[in-house]
Amino acid sequence: MSAAQQEVAEDRPAPVVTLDFVGSRTETEEATSKLSVESQAALRQFSLERMTGYGVDYADAVEVRARVVEGQDWRSAATELAEVCLRRVDGAREAAGRPTRIGYLRRASALLRMSQMMMLSDTAERRQIFARAAELYAQAAVLSADRERVTIKTDRGPLTGWLIHAYDTPVASAIVIGGVEGWAMDFESIGEALAARDVDTLMLDGPGQGETRLTHEHYLTAHWRDAYRRAVDFLAEHSPIRPIGFIGNSMGGSVAMAVASQDTRIRACVDNGGIHAPWLVPPTMGTFFSKMVAACGTEDPDRAMDVWKTITPLSDGPNAGYPLLVVQGGKDPMVSNDLAEILLKGAPTDDTQMVVFSDGNHCVYNHKHDRDAFVADWMRARLGGRPSPAIAN
């Protein structure tokens with residue numbers, strides 16, 4: 001560069017684009033005590049690890065929490081960030097391309113799903129929010145071409161899910177479900193880990209969950225087993241002969257075990273955070289108990305608990321002896337190690353293994369990648385006839 005050119009370059013200001021964020025905030029007791037009851041509850045219940053565990057981008061999770069600490073309500077903080085992501089999707093159509101659009105669509109969907117987490121009633125607004133989140137996820141799925149939305153007919157109404165295709169030739173199939181909160185789209189990381197190991201994975205919203213509930217009004221009733229039987233039918237028809245596994249997270253782990261003992265087509269089961277008797281959750285657990293009741297489509301706690309009493313993970317059945325993996329967080333505030341031991345020892349099978357993450361929180365969100373890898377490797381080994389994996393300390 002000549003001296004003249006250098007002088008011109010020095011005089012010409014370089015273009016600078018500043019992306020504005022609130023940035024992380026220290027969540028002191030003094031700061032949070034001034035917030036609304038709902039904001040305090042949201043910050044307490046949905047930790048940074050849990051938010052990212054449900055698919056929220058780390059930077060988005062930090063920003064949502066910072067905005068709430070600054071006084072914004074949880075729902076609008078998450079919704080506004082979703083809109084930022086969508087504006088970036090529009091800006092990426094020309095300048096960037098498919099991968100960027102997929103990423104921002106999924107981020108927006110995860111933020112919208114997070115925005116409705118503190119809504120306890122199935123209002124029209126909540127249904128609209130969740131439907132929009134699902135639509136954005138579907139748009140990303142069209143672009144990625146690695147998963148598709150599926151609808152499974154049952155006598156009580158449709159089930160909705162997302163079939164993530166095995167990256168290579170599929171050797172097995174699996175169902176993954178969430179629990180009282182945290183549903184199919186939220187646990188996509190487990191589905192992707194399984195797909196990477198050649199397992200077609202149905203990320204399912206069961207009765208009382210996600211789109212199945214908020215779009216189709218299909219709640220958890222005493223007939224829930226029939227719905228899950230149809231989901232297993234779907235995989236058996238989609239991939240005849242291939243073995244099928246079932247992974248349940250949180251209360252979904254209790255459901256998965258209850259299904260596995262009764263259906264001989266289930267060749268392996270993983271419980272990540274379930275308990276042996278879901279109906280023993282006390283009303284003093286506040287919003288979580290309220291969400292258990294809401295999953296049943298009722299406001300009557302007694303009626304809801306009668307439904308939850310039909311979920312019996314320790315019951316014997318025609319498929320007793322199935323391989324079982326229990327994943328436990330050693331610092332889980334909801335499910336103690338003692339409760340996990342009761343589940344493990346009471347299961348109707350001797351083919352059991354438990355892995356404990358010593359500092360793990362509920363569902364081990366704070367070790368998501370290690371959890372997903374171990375669960376997917378274990379499931380792939382059990383469905384594919386390989387030795388079970390070991391996890392190094």
# chains A, B, ... in the order shown; residues from 1 in each chain; ligands from 1
>>> residues_around(residues="region 286-289 of chain A", least_positions_apart="4", cutoff="9 Å", atoms="only C-alpha atoms", output="list in words")
Met118, Leu120, Val180, Glu181, Val281, Pro282, Val293, Ala294 and Pro301 of chain A
>>> residues_around(residues="Asp226 (chain A)", least_positions_apart="6", cutoff="9 Å", atoms="only C-alpha atoms", output="PDB file with N, CA and C atoms, in the first residue's frame")
ATOM      1  N   THR A 154     -54.934 -41.685  17.730  1.00  0.00           N
ATOM      2  CA  THR A 154     -55.327 -42.562  18.826  1.00  0.00           C
ATOM      3  C   THR A 154     -56.819 -42.356  19.077  1.00  0.00           C
ATOM      4  N   ASP A 155     -57.393 -43.228  19.885  1.00  0.00           N
ATOM      5  CA  ASP A 155     -58.825 -43.121  20.179  1.00  0.00           C
ATOM      6  C   ASP A 155     -59.160 -41.867  20.972  1.00  0.00           C
ATOM      7  N   ARG A 156     -58.184 -41.298  21.663  1.00  0.00           N
ATOM      8  CA  ARG A 156     -58.426 -40.129  22.520  1.00  0.00           C
ATOM      9  C   ARG A 156     -57.984 -38.823  21.868  1.00  0.00           C
TER      10      ARG A 156
END
>>> closest_residue(among="A:Gly182, A:Pro15, A:Gly71, A:Gly245", to="Ala260 (chain A)", atoms="only C-alpha atoms")
A:Gly245
>>> residues_around(residues="region 84-91 of chain A", least_positions_apart="4", cutoff="10 Å", atoms="only C-alpha atoms", output="ChimeraX atom specification")
/A:60,79-80,95-98,100-109,111,136
>>> write_last_selection(atoms="N, CA and C atoms", output="short mmCIF file (atom, residue, chain, number, x, y, z; two decimals), in the first residue's frame")
data_model
loop_
_atom_site.label_atom_id
_atom_site.label_comp_id
_atom_site.auth_asym_id
_atom_site.auth_seq_id
_atom_site.Cartn_x
_atom_site.Cartn_y
_atom_site.Cartn_z
N ASP A 60 -28.79 -16.32 24.82
CA ASP A 60 -30.19 -15.94 25.00
C ASP A 60 -30.64 -16.17 26.44
N THR A 79 -39.98 -13.44 24.78
CA THR A 79 -40.65 -13.19 23.51
C THR A 79 -39.90 -12.14 22.68
N GLU A 80 -39.44 -11.07 23.32
CA GLU A 80 -38.72 -10.03 22.60
C GLU A 80 -37.42 -10.57 21.99
N ALA A 95 -27.93 -12.51 2.72
CA ALA A 95 -26.52 -12.40 3.06
C ALA A 95 -25.93 -13.71 3.56
N ALA A 96 -26.68 -14.50 4.31
CA ALA A 96 -26.14 -15.73 4.87
C ALA A 96 -26.74 -16.92 4.13
N GLY A 97 -27.40 -17.78 4.83
CA GLY A 97 -27.97 -18.91 4.12
C GLY A 97 -28.64 -19.86 5.07
N ARG A 98 -28.79 -21.08 4.60
CA ARG A 98 -29.60 -22.08 5.29
C ARG A 98 -29.14 -22.35 6.73
N THR A 100 -27.58 -20.56 8.95
CA THR A 100 -27.87 -19.44 9.83
C THR A 100 -29.36 -19.34 10.09
N ARG A 101 -30.17 -19.52 9.08
CA ARG A 101 -31.62 -19.44 9.24
C ARG A 101 -32.13 -20.56 10.14
N ILE A 102 -31.58 -21.77 9.97
CA ILE A 102 -31.98 -22.88 10.83
C ILE A 102 -31.68 -22.54 12.29
N GLY A 103 -30.48 -22.03 12.53
CA GLY A 103 -30.08 -21.72 13.89
C GLY A 103 -30.96 -20.69 14.54
N TYR A 104 -31.28 -19.61 13.84
CA TYR A 104 -32.11 -18.56 14.42
C TYR A 104 -33.56 -19.00 14.58
N LEU A 105 -34.07 -19.82 13.66
CA LEU A 105 -35.42 -20.33 13.81
C LEU A 105 -35.55 -21.21 15.04
N ARG A 106 -34.55 -22.07 15.26
CA ARG A 106 -34.59 -22.94 16.43
C ARG A 106 -34.42 -22.13 17.72
N ARG A 107 -33.58 -21.10 17.67
CA ARG A 107 -33.41 -20.26 18.85
C ARG A 107 -34.71 -19.53 19.18
N ALA A 108 -35.38 -19.00 18.16
CA ALA A 108 -36.64 -18.31 18.38
C ALA A 108 -37.69 -19.26 18.94
N SER A 109 -37.74 -20.47 18.40
CA SER A 109 -38.70 -21.46 18.88
C SER A 109 -38.45 -21.79 20.35
N LEU A 111 -36.99 -19.96 22.62
CA LEU A 111 -37.33 -18.81 23.45
C LEU A 111 -38.83 -18.69 23.64
N LEU A 136 -42.24 -22.44 13.91
CA LEU A 136 -40.86 -22.02 13.65
C LEU A 136 -39.93 -23.23 13.63
#
>>> closest_residue(among="A:Glu341, A:Asp122, A:Asp316, A:Glu38", to="His216 (chain A)", atoms="only C-alpha atoms")
A:Asp122
>>> residues_around(residues="Gly191 (chain A)", least_positions_apart="4", cutoff="8 Å", atoms="only C-alpha atoms", output="list in words")
Ile164, Val176, Phe187, Ala195, Thr201, Leu202 and Met203 of chain A
>>> atom_distance(atom1="CA of Ala381 (chain A)", atom2="CA of Gly273 (chain A)")
21.3 Å
>>> atom_distance(atom1="CA of Ser173 (chain A)", atom2="CA of Val335 (chain A)")
28.3 Å
>>> closest_residue(among="A:Leu214, A:Ala172, A:Ala256, A:Ala347", to="Pro240 (chain A)", atoms="only C-alpha atoms")
A:Ala172
>>> atom_distance(atom1="CA of Asp271 (chain A)", atom2="CA of Leu314 (chain A)")
12.1 Å
>>> select_by_dssp(residues="region 111-335 of chain A", states="strand (DSSP E or B)", output="MDAnalysis selection string")
chainID A and resid 147:152 159:164 172:177 199:205 244:249 266:272 324:329
>>> residues_around(residues="Asn361 (chain A)", least_positions_apart="3", cutoff="9 Å", atoms="only C-alpha atoms", output="CSV table (one decimal) with N, CA and C atoms, in the first residue's frame")
chain,number,residue,atom,x,y,z
A,49,GLU,N,-28.7,-23.6,33.4
A,49,GLU,CA,-28.4,-24.9,32.9
A,49,GLU,C,-29.7,-25.5,32.4
A,50,ARG,N,-30.8,-25.3,33.1
A,50,ARG,CA,-32.1,-25.9,32.7
A,50,ARG,C,-32.5,-25.2,31.4
A,328,GLN,N,-29.1,-40.2,37.2
A,328,GLN,CA,-29.4,-39.5,38.4
A,328,GLN,C,-28.5,-38.3,38.6
A,329,GLY,N,-29.0,-37.2,39.0
A,329,GLY,CA,-28.2,-36.0,39.4
A,329,GLY,C,-28.0,-36.1,40.9
A,330,GLY,N,-26.7,-36.1,41.3
A,330,GLY,CA,-26.5,-36.2,42.7
A,330,GLY,C,-26.9,-35.0,43.6
A,331,LYS,N,-27.2,-33.9,42.9
A,331,LYS,CA,-27.7,-32.7,43.6
A,331,LYS,C,-29.1,-32.4,43.1
A,332,ASP,N,-29.8,-33.3,42.7
A,332,ASP,CA,-31.2,-33.1,42.2
A,332,ASP,C,-32.0,-32.6,43.3
A,333,PRO,N,-32.6,-31.4,43.3
A,333,PRO,CA,-33.4,-30.9,44.4
A,333,PRO,C,-34.8,-31.6,44.4
A,334,MET,N,-35.2,-32.2,43.3
A,334,MET,CA,-36.5,-32.8,43.2
A,334,MET,C,-36.6,-34.3,43.5
A,357,PHE,N,-24.3,-38.5,38.3
A,357,PHE,CA,-23.5,-37.3,38.1
A,357,PHE,C,-23.5,-36.6,39.5
A,358,SER,N,-22.3,-36.6,40.2
A,358,SER,CA,-22.3,-36.2,41.6
A,358,SER,C,-22.8,-34.8,41.8
A,364,VAL,N,-30.1,-33.8,35.0
A,364,VAL,CA,-28.6,-33.6,34.7
A,364,VAL,C,-28.5,-32.6,33.5
A,365,TYR,N,-29.2,-31.5,33.6
A,365,TYR,CA,-29.1,-30.4,32.5
A,365,TYR,C,-27.7,-29.8,32.5
A,366,ASN,N,-27.0,-29.8,33.7
A,366,ASN,CA,-25.7,-29.2,33.8
A,366,ASN,C,-24.6,-30.0,33.2
A,367,HIS,N,-24.9,-31.2,32.8
A,367,HIS,CA,-23.9,-32.1,32.0
A,367,HIS,C,-24.6,-32.6,30.8
>>> residues_around(residues="Glu135 (chain A)", least_positions_apart="5", cutoff="12 Å", atoms="only C-alpha atoms", output="PyMOL selection string")
chain A and resi 105-106+108-110+112-113+128-130+140-142+148-149+185+211+215
>>> write_last_selection(atoms="C-alpha atoms", output="compact mmCIF listing (two decimals), in the first residue's frame")
# COMPACT_ATOMS: atom_id res chain seq x y z
CA LEU A 105 -35.42 -20.33 13.81
CA ARG A 106 -34.59 -22.94 16.43
CA ALA A 108 -36.64 -18.31 18.38
CA SER A 109 -38.70 -21.46 18.88
CA ALA A 110 -36.85 -22.34 22.10
CA LEU A 112 -41.06 -18.87 22.73
CA ARG A 113 -41.35 -22.25 24.44
CA GLN A 128 -50.99 -19.53 20.33
CA ILE A 129 -47.48 -19.08 21.71
CA PHE A 130 -46.77 -22.80 21.63
CA ALA A 140 -36.23 -25.06 10.53
CA ALA A 141 -36.97 -28.77 9.97
CA VAL A 142 -37.83 -28.12 6.31
CA GLU A 148 -40.23 -34.19 10.26
CA ARG A 149 -43.38 -33.55 12.25
CA MET A 185 -38.79 -30.13 21.13
CA GLU A 211 -48.61 -29.91 20.99
CA THR A 215 -53.09 -28.03 20.00
>>> select_by_dssp(residues="region 173-307 of chain A", states="alpha helix (DSSP H)", output="MDAnalysis selection string")
chainID A and resid 188:195 210:214 224:238 251:260 287:295 301:307
>>> residues_around(residues="Asp351 (chain A)", least_positions_apart="6", cutoff="7 Å", atoms="only C-alpha atoms", output="PyMOL selection string")
chain A and resi 321-324
>>> write_last_selection(atoms="N, CA and C atoms", output="mmCIF file, in the first residue's frame")
data_model
loop_
_atom_site.group_PDB
_atom_site.id
_atom_site.type_symbol
_atom_site.label_atom_id
_atom_site.label_comp_id
_atom_site.auth_asym_id
_atom_site.auth_seq_id
_atom_site.Cartn_x
_atom_site.Cartn_y
_atom_site.Cartn_z
ATOM 1 N N GLY A 321 -37.802 -57.752 32.855
ATOM 2 C CA GLY A 321 -36.456 -58.173 32.487
ATOM 3 C C GLY A 321 -35.808 -57.280 31.458
ATOM 4 N N TYR A 322 -36.522 -56.240 31.009
ATOM 5 C CA TYR A 322 -35.952 -55.327 30.008
ATOM 6 C C TYR A 322 -34.724 -54.616 30.578
ATOM 7 N N PRO A 323 -33.728 -54.297 29.759
ATOM 8 C CA PRO A 323 -32.567 -53.537 30.232
ATOM 9 C C PRO A 323 -32.973 -52.123 30.639
ATOM 10 N N LEU A 324 -32.502 -51.677 31.810
ATOM 11 C CA LEU A 324 -32.874 -50.373 32.351
ATOM 12 C C LEU A 324 -31.634 -49.582 32.757
#
>>> closest_residue(among="A:Ser239, A:Leu143, A:Gly252, A:Ala196", to="Gly178 (chain A)", atoms="only C-alpha atoms")
A:Gly252
>>> closest_residue(among="A:Val259, A:Val22, A:Val37, A:Leu43", to="Leu81 (chain A)", atoms="only C-alpha atoms")
A:Val22
